[in-house]
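Reproduced below: structure.cif, with mmCIF, C-alpha atoms.
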data_data
#
loop_
_atom_site.label_atom_id
_atom_site.label_comp_id
_atom_site.auth_asym_id
_atom_site.auth_seq_id
_atom_site.Cartn_x
_atom_site.Cartn_y
_atom_site.Cartn_z
CA MET A 63 79.79 140.17 93.05
CA SER A 64 77.43 138.42 95.46
CA MET A 65 77.25 134.64 95.23
CA THR A 66 75.27 133.78 98.33
CA THR A 67 72.05 132.04 97.40
CA ALA A 68 70.63 131.22 100.80
CA GLU A 69 71.21 133.13 103.99
CA THR A 70 71.06 129.89 105.97
CA GLU A 71 73.62 127.89 103.97
CA PRO A 72 77.19 129.04 104.63
CA PHE A 73 78.63 126.74 101.97
CA VAL A 74 78.71 128.42 98.56
CA HIS A 75 79.58 126.41 95.45
CA PRO A 76 79.27 128.23 92.13
CA ALA A 77 80.46 127.00 88.73
CA LEU A 78 82.11 129.63 86.52
CA PHE A 79 81.66 129.08 82.77
CA TYR A 80 84.49 130.94 81.02
CA ARG A 81 85.56 131.45 77.43
CA GLY A 82 89.18 132.44 76.98
CA ASP A 83 91.85 133.79 79.31
CA ARG A 84 90.26 137.18 79.81
CA GLU A 85 86.97 135.76 81.13
CA TYR A 86 88.95 133.31 83.23
CA LEU A 87 90.84 136.09 84.97
CA GLU A 88 87.75 138.32 85.27
CA GLY A 89 85.93 135.45 86.95
CA THR A 90 88.66 134.32 89.33
CA VAL A 91 90.95 137.22 90.29
CA PRO A 92 88.26 139.54 91.79
CA PHE A 93 86.96 136.50 93.71
CA ILE A 94 90.45 135.97 95.14
CA LEU A 95 90.97 139.65 95.95
CA ASP A 96 87.53 139.96 97.59
CA GLY A 97 88.49 137.05 99.81
CA LEU A 98 91.77 138.61 100.80
CA LYS A 99 90.02 141.92 101.49
CA ALA A 100 87.57 140.11 103.77
CA GLY A 101 90.45 138.43 105.61
CA GLU A 102 89.58 134.98 104.27
CA PRO A 103 92.39 132.50 103.53
CA VAL A 104 92.38 131.69 99.80
CA ALA A 105 93.58 128.61 97.91
CA VAL A 106 93.85 128.34 94.12
CA ALA A 107 93.88 124.72 92.91
CA VAL A 108 93.75 124.74 89.09
CA PRO A 109 95.68 123.21 86.15
CA ALA A 110 99.27 124.44 85.76
CA ARG A 111 98.60 126.73 82.79
CA ASN A 112 95.75 128.52 84.54
CA LEU A 113 97.74 128.68 87.76
CA ALA A 114 100.40 130.64 85.88
CA LEU A 115 97.75 133.00 84.42
CA ILE A 116 96.32 133.79 87.84
CA ARG A 117 99.75 134.20 89.45
CA ASP A 118 100.82 136.62 86.75
CA GLU A 119 97.65 138.66 87.11
CA LEU A 120 97.86 138.68 90.91
CA GLY A 121 101.49 139.74 90.61
CA GLU A 122 100.24 143.08 89.34
CA VAL A 123 98.43 143.74 92.60
CA ALA A 124 101.03 141.87 94.66
CA PRO A 125 99.32 140.06 97.52
CA GLN A 126 101.62 139.34 100.44
CA ASP A 127 103.62 136.11 100.35
CA GLY A 128 101.65 133.23 101.78
CA GLU A 129 98.26 134.92 101.54
CA VAL A 130 97.23 132.65 98.68
CA LEU A 131 97.99 128.93 98.57
CA PHE A 132 98.68 127.80 94.98
CA VAL A 133 98.15 124.13 94.12
CA ASP A 134 98.77 122.44 90.76
CA MET A 135 95.52 120.52 90.34
CA GLU A 136 96.98 118.30 87.61
CA GLN A 137 99.25 116.82 90.31
CA ALA A 138 97.23 117.15 93.52
CA GLY A 139 93.99 116.24 91.76
CA ARG A 140 95.38 113.61 89.39
CA ASN A 141 92.92 111.29 91.08
CA PRO A 142 89.71 113.31 91.57
CA GLY A 143 88.92 111.10 94.58
CA ARG A 144 91.67 112.69 96.63
CA ILE A 145 90.76 116.35 96.01
CA ILE A 146 88.30 116.49 98.92
CA PRO A 147 90.61 114.95 101.58
CA ALA A 148 94.03 116.11 100.34
CA VAL A 149 93.24 119.55 98.88
CA LEU A 150 89.95 120.98 100.12
CA TRP A 151 89.64 119.47 103.57
CA ALA A 152 93.37 119.83 104.17
CA PHE A 153 93.10 123.57 103.42
CA THR A 154 89.99 124.23 105.53
CA ASP A 155 91.56 122.33 108.43
CA LEU A 156 94.52 124.71 108.34
CA HIS A 157 92.13 127.53 109.26
CA PRO A 158 89.68 126.26 111.90
CA GLY A 159 86.87 128.63 112.72
CA ARG A 160 87.51 130.87 109.71
CA ARG A 161 85.65 131.26 106.44
CA VAL A 162 87.88 130.19 103.54
CA ARG A 163 87.55 130.41 99.77
CA VAL A 164 88.93 128.17 97.08
CA VAL A 165 89.18 128.31 93.31
CA GLY A 166 88.98 124.59 92.40
CA GLU A 167 89.20 123.44 88.78
CA PRO A 168 89.12 119.62 88.65
CA VAL A 169 87.98 119.24 85.03
CA TRP A 170 90.12 120.03 81.99
CA PRO A 171 89.87 118.98 78.35
CA ASP A 172 92.55 116.23 78.54
CA ARG A 173 90.71 114.24 81.19
CA SER A 174 89.80 110.75 79.88
CA PRO A 175 86.13 109.67 79.93
CA THR A 176 86.80 107.38 82.92
CA GLU A 177 88.51 110.19 84.81
CA TYR A 178 85.70 112.56 83.92
CA VAL A 179 83.06 110.38 85.63
CA ALA A 180 85.21 110.52 88.77
CA CYS A 181 85.40 114.33 88.42
CA LEU A 182 81.63 114.58 88.10
CA GLN A 183 81.15 112.42 91.18
CA HIS A 184 83.70 114.52 93.06
CA GLU A 185 81.90 117.75 92.18
CA ALA A 186 78.60 116.31 93.43
CA LEU A 187 80.19 115.01 96.66
CA ILE A 188 81.65 118.43 97.47
CA ASN A 189 78.10 119.55 98.27
CA LEU A 190 77.74 116.80 100.89
CA ALA A 191 81.23 117.22 102.28
CA PHE A 192 81.03 120.96 102.94
CA SER A 193 77.35 121.49 103.63
CA GLY A 194 77.02 123.78 106.65
CA ARG A 195 80.65 124.85 106.59
CA ASP A 196 82.03 128.36 106.08
CA VAL A 197 83.56 127.68 102.69
CA THR A 198 83.19 129.10 99.18
CA ILE A 199 84.45 126.92 96.32
CA LEU A 200 84.40 128.49 92.86
CA CYS A 201 84.77 125.90 90.08
CA PRO A 202 85.84 127.24 86.67
CA TYR A 203 84.70 125.30 83.56
CA ASP A 204 86.30 125.92 80.17
CA ALA A 205 83.18 126.42 78.05
CA ASP A 206 85.28 126.53 74.85
CA GLY A 207 87.39 123.44 75.51
CA LEU A 208 84.97 121.08 77.26
CA ALA A 209 82.14 119.12 75.63
CA PRO A 210 78.65 120.68 75.95
CA GLU A 211 77.42 117.73 78.04
CA ILE A 212 80.16 118.42 80.59
CA ILE A 213 78.97 122.00 80.89
CA GLY A 214 75.45 120.61 81.28
CA HIS A 215 76.58 118.30 84.09
CA ALA A 216 78.06 121.28 85.94
CA GLU A 217 74.49 122.60 86.28
CA GLU A 218 73.64 119.39 88.16
CA THR A 219 76.52 119.63 90.63
CA HIS A 220 76.56 123.39 91.37
CA PRO A 221 73.61 125.29 92.86
CA VAL A 222 74.83 128.58 91.36
CA ILE A 223 76.13 129.33 87.85
CA ILE A 224 78.24 132.29 86.83
CA ASP A 225 78.20 132.61 83.05
CA GLY A 226 80.22 135.57 81.87
CA THR A 227 78.84 138.46 83.92
CA ASP A 228 75.54 136.72 84.66
CA THR A 229 75.02 135.00 88.04
CA ARG A 230 71.95 132.79 88.32
CA ALA A 231 70.56 129.73 90.09
CA SER A 232 71.34 126.44 88.40
CA THR A 233 68.64 124.96 86.20
CA GLY A 234 69.24 121.32 87.10
CA TYR A 235 70.95 121.05 90.52
CA ALA A 236 70.66 117.37 91.57
CA PRO A 237 73.82 116.17 93.34
CA GLU A 238 72.23 113.08 94.94
CA ARG A 239 71.17 111.76 91.55
CA VAL A 240 74.64 112.39 90.11
CA ILE A 241 76.25 110.53 93.04
CA ARG A 242 73.88 107.60 92.48
CA ASP A 243 74.51 107.52 88.72
CA CYS A 244 78.29 107.72 89.13
CA GLY A 245 78.25 104.74 91.51
CA GLY A 246 76.80 102.38 88.91
CA PRO A 247 78.39 99.14 87.61
CA LEU A 248 81.91 99.39 86.19
CA SER A 249 82.96 98.06 82.79
CA GLU A 250 84.02 94.41 82.66
CA PRO A 251 87.71 93.98 81.84
CA ALA A 252 88.99 91.75 79.08
CA GLY A 253 91.75 89.34 80.02
CA ALA A 254 92.08 90.06 83.73
CA GLU A 255 94.04 87.77 86.02
CA THR A 256 91.90 86.71 88.95
CA LEU A 257 92.50 85.56 92.54
CA ALA A 258 89.78 84.53 94.99
CA PHE A 259 90.84 85.17 98.58
CA GLY A 260 89.70 84.76 102.17
CA GLY A 261 90.97 84.04 105.67
CA ASP A 262 94.72 84.51 105.94
CA ASP A 263 95.31 85.25 102.26
CA LEU A 264 96.32 88.90 102.43
CA TRP A 265 99.93 88.13 101.56
CA ARG A 266 98.72 86.14 98.54
CA VAL A 267 96.71 89.13 97.28
CA ARG A 268 99.79 91.37 97.66
CA ALA A 269 102.02 88.86 95.89
CA PHE A 270 99.44 88.46 93.11
CA ALA A 271 99.19 92.20 92.42
CA VAL A 272 102.91 92.86 92.72
CA ALA A 273 103.97 89.94 90.50
CA TYR A 274 101.71 91.14 87.69
CA ALA A 275 102.58 94.84 87.99
CA ASP A 276 106.30 94.15 88.27
CA GLY A 277 106.09 92.13 85.06
CA ILE A 278 104.32 94.98 83.24
CA GLY A 279 106.83 97.63 84.30
CA LEU A 280 105.64 99.22 87.54
CA SER A 281 108.58 99.56 89.92
CA GLY A 282 110.05 101.25 92.98
CA GLU A 283 107.76 103.24 95.22
CA ARG A 284 104.76 102.94 92.92
CA LEU A 285 105.00 99.16 93.12
CA GLU A 286 105.07 99.46 96.93
CA ASP A 287 102.05 101.78 96.79
CA LEU A 288 100.15 99.15 94.81
CA ARG A 289 101.19 96.46 97.31
CA LEU A 290 99.71 98.55 100.13
CA ILE A 291 96.46 99.27 98.29
CA ALA A 292 96.02 95.61 97.33
CA SER A 293 96.38 94.66 100.98
CA GLU A 294 94.10 97.36 102.33
CA LEU A 295 91.31 96.68 99.86
CA ALA A 296 91.48 92.93 100.47
CA ALA A 297 91.52 93.53 104.23
CA ASN A 298 88.36 95.65 103.82
CA SER A 299 86.70 92.66 102.15
CA LEU A 300 87.74 90.39 105.02
CA GLU A 301 86.49 92.82 107.67
CA HIS A 302 83.49 94.51 106.07
CA GLY A 303 82.75 92.69 102.82
CA GLY A 304 81.62 89.26 103.91
CA GLY A 305 85.01 87.78 104.83
CA SER A 306 86.22 86.98 101.33
CA GLY A 307 86.58 88.58 97.92
CA VAL A 308 87.95 88.40 94.40
CA ALA A 309 90.98 90.41 93.23
CA ARG A 310 91.62 91.12 89.55
CA ILE A 311 94.42 92.86 87.71
CA TRP A 312 94.92 93.84 84.09
CA THR A 313 96.34 96.52 81.79
CA GLU A 314 94.26 99.16 80.00
CA ASP A 315 95.52 102.18 78.00
CA ARG A 316 99.00 102.19 79.57
CA ARG A 317 97.55 101.85 83.04
CA ILE A 318 97.57 98.94 85.44
CA VAL A 319 94.11 98.37 86.84
CA PHE A 320 93.49 96.44 90.06
CA ASP A 321 90.14 95.81 91.67
CA VAL A 322 88.62 93.93 94.57
CA SER A 323 85.00 92.77 94.65
CA ASP A 324 83.05 91.44 97.62
CA THR A 325 79.53 91.16 99.02
CA GLY A 326 79.72 94.29 101.16
CA HIS A 327 78.02 97.65 100.71
CA ILE A 328 79.63 101.04 101.30
CA ALA A 329 76.72 103.07 102.59
CA ASP A 330 78.62 106.32 103.16
CA PRO A 331 79.18 108.19 99.87
CA LEU A 332 82.08 110.08 101.46
CA ALA A 333 83.91 106.93 102.58
CA GLY A 334 87.58 107.28 101.70
CA ARG A 335 87.33 111.05 101.36
CA ARG A 336 87.37 112.03 105.02
CA PRO A 337 90.65 113.26 106.51
CA ALA A 338 93.26 110.88 107.86
CA ASP A 339 92.51 111.41 111.54
CA SER A 340 89.01 110.06 111.06
CA ARG A 341 88.10 107.10 113.25
CA GLN A 342 85.55 105.87 110.71
CA ARG A 343 85.89 102.13 110.52
CA GLY A 344 86.59 100.79 107.08
CA SER A 345 87.39 104.10 105.51
CA ARG A 346 91.14 104.06 106.07
CA GLY A 347 91.88 101.58 103.32
CA LEU A 348 89.75 103.54 100.88
CA LEU A 349 91.39 106.80 101.89
CA VAL A 350 94.84 105.36 101.26
CA THR A 351 93.61 104.07 97.91
CA ASN A 352 92.40 107.56 96.98
CA LEU A 353 95.59 109.23 98.16
CA LEU A 354 97.94 106.88 96.27
CA GLY A 355 95.99 105.79 93.19
CA ASP A 356 96.00 107.73 89.92
CA LEU A 357 92.28 107.08 89.56
CA VAL A 358 89.74 105.25 91.74
CA ARG A 359 86.26 104.08 90.78
CA VAL A 360 83.75 102.42 93.10
CA HIS A 361 80.58 100.51 92.38
CA THR A 362 78.54 99.72 95.45
CA GLU A 363 75.03 98.49 96.08
CA ARG A 364 73.48 96.16 98.65
CA GLY A 365 75.42 92.89 98.61
CA ARG A 366 77.93 93.94 95.97
CA THR A 367 80.93 96.27 95.95
CA THR A 368 83.88 96.72 93.61
CA VAL A 369 86.72 99.14 94.31
CA ARG A 370 88.95 99.71 91.27
CA VAL A 371 92.25 101.58 91.27
CA TYR A 372 94.35 102.68 88.29
CA PHE A 373 98.12 103.15 88.26
CA ASP A 374 99.70 105.04 85.36
CA LEU A 375 102.59 103.14 83.81
CA PRO A 376 105.85 105.07 83.47
CA MET B 36 112.47 86.08 125.90
CA PRO B 37 111.23 85.16 122.44
CA ILE B 38 108.54 87.50 121.16
CA SER B 39 108.57 85.60 117.89
CA PRO B 40 105.01 84.97 116.92
CA GLN B 41 103.41 81.78 118.08
CA THR B 42 100.46 82.43 115.81
CA GLY B 43 100.17 83.25 112.14
CA PRO B 44 101.53 81.33 109.20
CA LEU B 45 104.98 80.75 110.61
CA ASP B 46 106.74 77.58 109.67
CA PRO B 47 108.08 76.09 112.94
CA ALA B 48 111.03 74.66 111.03
CA SER B 49 112.28 78.20 110.35
CA ASP B 50 112.07 79.30 113.95
CA HIS B 51 115.76 79.73 114.61
CA ASP B 52 118.08 82.68 114.51
CA GLY B 53 118.60 84.52 111.26
CA ASP B 54 116.05 82.80 109.09
CA PRO B 55 113.61 85.09 107.33
CA PRO B 56 109.96 84.30 107.96
CA PRO B 57 108.02 82.47 105.26
CA SER B 58 105.74 84.41 102.91
CA GLY B 59 103.20 86.37 104.89
CA GLY B 60 104.96 85.67 108.18
CA LEU B 61 106.47 87.95 110.77
CA ARG B 62 109.55 87.43 112.90
CA ILE B 63 110.28 89.62 115.93
CA ASP B 64 113.46 89.17 117.98
CA PRO B 65 114.22 91.14 121.16
CA LEU B 66 117.52 93.00 121.24
CA GLY B 67 119.43 95.06 123.75
CA PRO B 68 120.34 96.79 125.81
CA PRO B 69 119.41 99.34 124.70
CA PRO B 70 115.94 97.80 124.51
CA GLY B 71 114.76 97.08 120.99
CA LEU B 72 113.24 94.69 118.52
CA GLN B 73 114.48 93.34 115.24
CA VAL B 74 111.52 92.97 112.91
CA SER B 75 111.40 91.07 109.64
CA GLY B 76 108.57 89.97 107.40
CA GLU B 77 105.08 91.34 106.93
CA ILE B 78 102.70 93.12 109.32
CA ASP B 79 99.04 92.93 108.38
CA ARG B 80 95.72 91.77 109.80
CA THR B 81 97.06 88.21 110.02
CA THR B 82 100.13 89.07 112.13
CA ARG B 83 98.76 92.16 113.85
CA ARG B 84 98.18 90.66 117.29
CA VAL B 85 101.79 89.50 117.61
CA TRP B 86 103.01 92.94 116.49
CA GLN B 87 100.73 94.71 118.94
CA GLU B 88 101.84 92.51 121.86
CA ALA B 89 105.51 92.94 120.99
CA LEU B 90 105.12 96.74 120.87
CA SER B 91 103.23 96.84 124.16
CA GLU B 92 105.98 94.82 125.82
CA LEU B 93 108.68 97.01 124.29
CA VAL B 94 107.33 100.38 125.43
CA ARG B 95 106.59 99.27 128.99
CA GLY B 96 108.65 101.44 131.36
CA GLY B 97 110.42 104.67 130.42
CA GLY B 98 113.29 105.60 128.17
CA ASP B 99 114.27 105.25 124.52
CA ARG B 100 113.41 102.18 122.46
CA HIS B 101 114.72 100.94 119.11
CA LEU B 102 113.20 99.12 116.15
CA TYR B 103 115.54 97.57 113.55
CA LEU B 104 113.50 97.32 110.41
CA SER B 105 115.76 96.40 107.50
CA GLY B 106 113.93 93.07 107.20
CA LEU B 107 110.44 94.60 107.25
CA THR B 108 108.92 93.94 103.84
CA PHE B 109 105.35 95.14 104.44
CA ILE B 110 103.27 97.02 107.00
CA ASP B 111 99.64 97.99 106.62
CA VAL B 112 97.95 101.18 107.79
CA ARG B 113 96.75 99.68 111.07
CA GLY B 114 100.21 98.30 111.81
CA ALA B 115 101.80 101.72 111.33
CA TRP B 116 99.09 103.30 113.45
CA LEU B 117 99.87 100.83 116.27
CA LEU B 118 103.53 101.79 116.04
CA GLU B 119 102.62 105.45 116.37
CA GLN B 120 100.35 104.79 119.33
CA SER B 121 103.14 102.85 121.03
CA ALA B 122 105.54 105.74 120.56
CA ARG B 123 103.00 108.06 122.17
CA ALA B 124 102.76 105.66 125.11
CA LEU B 125 106.45 106.02 125.94
CA VAL B 126 106.68 107.86 129.23
CA GLY B 127 109.29 110.26 130.52
CA GLY B 128 110.23 111.75 127.16
CA GLY B 129 111.41 108.44 125.75
CA ARG B 130 111.59 108.13 121.99
CA LEU B 131 111.11 105.28 119.57
CA PHE B 132 113.99 105.11 117.10
CA LEU B 133 113.27 103.52 113.72
CA HIS B 134 116.44 102.11 112.15
CA SER B 135 116.51 101.32 108.43
CA ALA B 136 112.79 102.05 108.11
CA PRO B 137 111.74 100.96 104.61
CA TYR B 138 109.62 103.09 102.25
CA CYS B 139 106.53 101.00 103.00
CA LEU B 140 106.57 102.18 106.63
CA ARG B 141 107.69 105.77 106.02
CA SER B 142 105.00 106.30 103.41
CA VAL B 143 102.20 104.95 105.61
CA LEU B 144 103.31 107.08 108.56
CA ALA B 145 103.13 110.11 106.27
CA LEU B 146 99.73 109.08 104.91
CA ILE B 147 98.14 108.72 108.33
CA GLY B 148 99.46 112.16 109.22
CA SER B 149 101.83 110.94 111.91
CA ASP B 150 103.30 113.97 113.64
CA SER B 151 104.47 112.20 116.78
CA VAL B 152 107.47 113.85 118.36
CA SER B 153 108.20 110.48 119.97
CA ILE B 154 109.23 108.84 116.69
CA GLU B 155 112.67 109.38 115.26
CA VAL B 156 113.46 107.90 111.85
CA LYS B 157 117.18 107.12 111.57
CA THR B 158 118.47 107.18 108.03
CA LYS B 159 121.45 104.98 108.91
#

Using structure tokens, write down the structure from this file.
Amino acid sequence: MSMTTAETEPFVHPALFYRGDREYLEGTVPFILDGLKAGEPVAVAVPARNLALIRDELGEVAPQDGEVLFVDMEQAGRNPGRIIPAVLWAFTDLHPGRRVRVVGEPVWPDRSPTEYVACLQHEALINLAFSGRDVTILCPYDADGLAPEIIGHAEETHPVIIDGTDTRASTGYAPERVIRDCGGPLSEPAGAETLAFGGDDLWRVRAFAVAYADGIGLSGERLEDLRLIASELAANSLEHGGGSGVARIWTEDRRIVFDVSDTGHIADPLAGRRPADSRQRGSRGLLVTNLLGDLVRVHTERGRTTVRVYFDLP
Amino acid sequence: MPISPQTGPLDPASDHDGDPPPSGGLRIDPLGPPPGLQVSGEIDRTTRRVWQEALSELVRGGGDRHLYLSGLTFIDVRGAWLLEQSARALVGGGRLFLHSAPYCLRSVLALIGSDSVSIEVKTK
């Protein structure tokens, strides 16, 4: 099965539309075995149920231990914003100078609408993040379980589509437009608590977020994670967002939601998704937010930025 | 030699032994020998300069150094990064021992991918 569309572009990013377990395995397992045969490191990052399917099937042909990295995407990709830095980039960095292949399934039927927008944005950003790199990322989409518009969106974020046994060019590939659309204004919360901050107020922002979340039932390490994110996002406003900002916190569908708005503009669409050793100014706080939050949404335009992070309540 | 911060939102009235710093403040007291610092309060953009200066002073010269951190209630990513850089600056195979490092520091060190062999986290 050849998936290379352009001789000059080493990055290959097909979507696989599958119906049922049999098509899933027929679409993924030969891809994995071809990679192993070619000496390419392989990672499989898919929801737990599908991970078990693939492992069982691969068990029949018994690849050597450690040849395939298995990742539960429901955990590692809980927040779609951390899949690029913590799953994909982390794996490619383990194998410098070698072509790698990944089965990456970030979308599943239980994803909420808010999470789904973040998944769509993530899928579009993959094309920017890995352009020019020796990587193949195959993204399975459950054509039975997902809404038709989600399958339609996959045409916009993948240059190649594999549908059953048919491999073809996408009909609507437009990742830049998807990235732009996904970065639009966020919904306005009802009943948020608000704190305007500036100058030396970082401790006030932390205390504000922690007092609210503690009262709602967030505790232990997750409360500490929120304290760190509140501080990092507010510090970003002080350093890059005009020197002041507004923090808000509220509860929505059993999740605590915290956001910070300021007058800055995040010009780099991959900000917060580059690996930890990056020296990019201003991206460290966003990276930490992506790594620790259960969901992150960003609206940014000239003169106006909001970074919103969700924490699931226990 | 007081390294206690002269800047930041410290209340001068609390500037004597044993008192915790006020909200948002940082208190750093030199200890030793062996050379070390007792750190309590919060390390962020506001208190960063004092933290950076205290670390620079601590790691000057060779040998092991100690940080006693049971009173540390917050450290941001930059503050943890400065700690890691200071550990790397220790010459002659010296190590920086972190005593009673709270979750907030351990988690940030993990997040920034700290793999410094010069840092030793003591669980006791």

Need to verify the contact set: Glu92 of chain B, 12 Å, all atoms listed in the file, exclusion of same-chain residues closer than 2 positions in sequence. Can you return it as a compact mmCIF listing (two decimals) with C-alpha atoms, in the frame of the given file?
# COMPACT_ATOMS: atom_id res chain seq x y z
CA MET B 36 112.47 86.08 125.90
CA PRO B 37 111.23 85.16 122.44
CA ILE B 38 108.54 87.50 121.16
CA ILE B 63 110.28 89.62 115.93
CA PRO B 65 114.22 91.14 121.16
CA PRO B 70 115.94 97.80 124.51
CA GLY B 71 114.76 97.08 120.99
CA LEU B 72 113.24 94.69 118.52
CA VAL B 85 101.79 89.50 117.61
CA TRP B 86 103.01 92.94 116.49
CA GLN B 87 100.73 94.71 118.94
CA GLU B 88 101.84 92.51 121.86
CA ALA B 89 105.51 92.94 120.99
CA LEU B 90 105.12 96.74 120.87
CA VAL B 94 107.33 100.38 125.43
CA ARG B 95 106.59 99.27 128.99
CA GLY B 96 108.65 101.44 131.36
CA GLY B 97 110.42 104.67 130.42
CA ARG B 100 113.41 102.18 122.46
CA SER B 121 103.14 102.85 121.03
CA ALA B 124 102.76 105.66 125.11
CA LEU B 125 106.45 106.02 125.94

Open item on the list: Here's a test: counting all atoms listed in the file, identify every protein, DNA and RNA residue with an atom at most 6 Å from (110.7, 92.4, 109.8) in the file's coordinate frame, and state them as a PyMOL selection string.
Closed with: chain B and resi 62+74-76+104+106-107

Task: Test item: chain A residues at most 10 Å from chain B, counting all atoms listed in the file, as a ChimeraX atom specification - done: /A:261-266,268-269,282-283,286-287,289-291,293-294,297,300-301,337-340,346-347,349-350,353-354

Open item on the list: as a list of chain:residue names, please: the residues near Ser153 of chain B (cut-off 7 Å, all atoms listed in the file, same-chain neighbours under 4 positions excluded).
Closed with: B:Ala122, B:Arg123, B:Gly129, B:Arg130, B:Leu131

Open item on the list: Would you pick out the contacts of segment 192-194 of chain A at 7 Å or less, using only C-alpha atoms, so that residues sharing its chain but fewer than 4 positions from it are not included, and give the list as number ranges by chain?
Closed with: A: 71-73, 188

With 3 Å added on each side, what axis-aligned box encloses every listed atom of segment 200-216 of chain A? Give the centre and edge lengths in Å to one decimal, as AutoDock Vina command-line options.
--center_x 81.4 --center_y 123.1 --center_z 83.9 --size_x 17.9 --size_y 16.8 --size_z 24.0

TODO: Using all atoms listed in the file, determine which residues lie at most 12 Å from Glu177 of chain A, disregarding the query and same-chain residues fewer than 4 positions distant; provide the list as a list in words.
DONE: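 The residues satisfying every condition are Gly139, Arg140, Asn141, Pro142, Gly143, Pro168, Val169, Trp170, Pro171, Asp172, Arg173, Cys181, Leu182, Gln183, His184, Cys244, Asp356, Leu357, Val358, Arg359, Val371 and Tyr372 of chain A.
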
May I have the selected residues written with C-alpha atoms, as a PDB file, in the coordinates of the input?
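Result file out33.pdb:
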ATOM      1  CA  GLY A 139      93.990 116.240  91.760  1.00  0.00           C
ATOM      2  CA  ARG A 140      95.380 113.610  89.390  1.00  0.00           C
ATOM      3  CA  ASN A 141      92.920 111.290  91.080  1.00  0.00           C
ATOM      4  CA  PRO A 142      89.710 113.310  91.570  1.00  0.00           C
ATOM      5  CA  GLY A 143      88.920 111.100  94.580  1.00  0.00           C
ATOM      6  CA  PRO A 168      89.120 119.620  88.650  1.00  0.00           C
ATOM      7  CA  VAL A 169      87.980 119.240  85.030  1.00  0.00           C
ATOM      8  CA  TRP A 170      90.120 120.030  81.990  1.00  0.00           C
ATOM      9  CA  PRO A 171      89.870 118.980  78.350  1.00  0.00           C
ATOM     10  CA  ASP A 172      92.550 116.230  78.540  1.00  0.00           C
ATOM     11  CA  ARG A 173      90.710 114.240  81.190  1.00  0.00           C
ATOM     12  CA  CYS A 181      85.400 114.330  88.420  1.00  0.00           C
ATOM     13  CA  LEU A 182      81.630 114.580  88.100  1.00  0.00           C
ATOM     14  CA  GLN A 183      81.150 112.420  91.180  1.00  0.00           C
ATOM     15  CA  HIS A 184      83.700 114.520  93.060  1.00  0.00           C
ATOM     16  CA  CYS A 244      78.290 107.720  89.130  1.00  0.00           C
ATOM     17  CA  ASP A 356      96.000 107.730  89.920  1.00  0.00           C
ATOM     18  CA  LEU A 357      92.280 107.080  89.560  1.00  0.00           C
ATOM     19  CA  VAL A 358      89.740 105.250  91.740  1.00  0.00           C
ATOM     20  CA  ARG A 359      86.260 104.080  90.780  1.00  0.00           C
ATOM     21  CA  VAL A 371      92.250 101.580  91.270  1.00  0.00           C
ATOM     22  CA  TYR A 372      94.350 102.680  88.290  1.00  0.00           C
TER      23      TYR A 372
END

Task: Resolved residues for the PyMOL selection byres ((chain A and resi 370) around 10) as a PyMOL selection string - done: chain A and resi 248+295+309-311+319-323+351+355+357-361+367-369+371-372

TODO: Around the point (83.6, 118.8, 95.6), in the coordinates given by the file, pick out the residues reaching within 12 Å, counting only C-alpha atoms, and return them as number ranges by chain.
DONE: A: 73-77, 139, 142-151, 164-169, 180-193, 197-201, 216, 219-220, 237, 241, 332, 335

Task: Residues selected by the PyMOL selection byres ((chain A and resi 376) around 10), written as a list in words - done: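 Selected by the PyMOL selection byres ((chain A and resi 376) around 10) in this file: Gly279, Leu280, Ser281, Arg284, Arg316, Arg317, Phe373, Asp374 and Leu375 of chain A.
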
TODO: Identify which of the residues B:Tyr103, B:Glu119, B:Asp54, B:Val126 lies closest to Gln73 of chain B, counting all atoms listed in the file when measuring atom-to-atom distances.
DONE: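 Of B:Tyr103, B:Glu119, B:Asp54, B:Val126, the one nearest Gln73 of chain B is B:Tyr103, counting all atoms listed in the file.
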
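Between atom CA of Pro55 of chain B and atom CA of Val308 of chain A the separation is 28.9 Å.
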
Open item on the list: One decimal, in Å: what's the spacing between atom CA of Ser91 of chain B and atom CA of Pro57 of chain B?
Closed with: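 Pair atom CA of Ser91 of chain B / atom CA of Pro57 of chain B returns 24.2 Å.
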
Open item on the list: Counting all atoms listed in the file, which residue out of A:Ala296, A:Leu98, A:Val240, A:Ile318 sits closest to Tyr274 of chain A?
Closed with: A:Ile318

Task: Separation of atom CA of Phe132 of chain A from atom CA of Val162 of chain A in Å - done: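 Between atom CA of Val162 of chain A and atom CA of Phe132 of chain A the gap works out to 14.0 Å.
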
TODO: Find the residues near Gly234 of chain A: any atom within 12 Å, counting only C-alpha atoms, skip ones fewer than 4 places away on the same chain, and give them as a ChimeraX atom specification.
DONE: /A:213-223,230,238-240

- [ ] Check what the PyMOL selection byres ((chain A and resi 324) around 6) selects in the file above and give those residues as a ChimeraX atom specification.
- [x] /A:299,303,307,323,325-326,366-367

Task: Among the residues B:Leu66, B:Arg84, B:Glu155, B:His101, the one that comes closest to Arg141 of chain B [using all atoms listed in the file] - done: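 Answer, going by the shortest atom-to-atom distance: B:Glu155.
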
TODO: Return the single residue from B:Ala115, B:Leu102, B:Leu133, B:Leu144 that is closest to Lys157 of chain B, with distances computed using only C-alpha atoms.
DONE: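 Closest to Lys157 of chain B, using only C-alpha atoms: B:Leu133.
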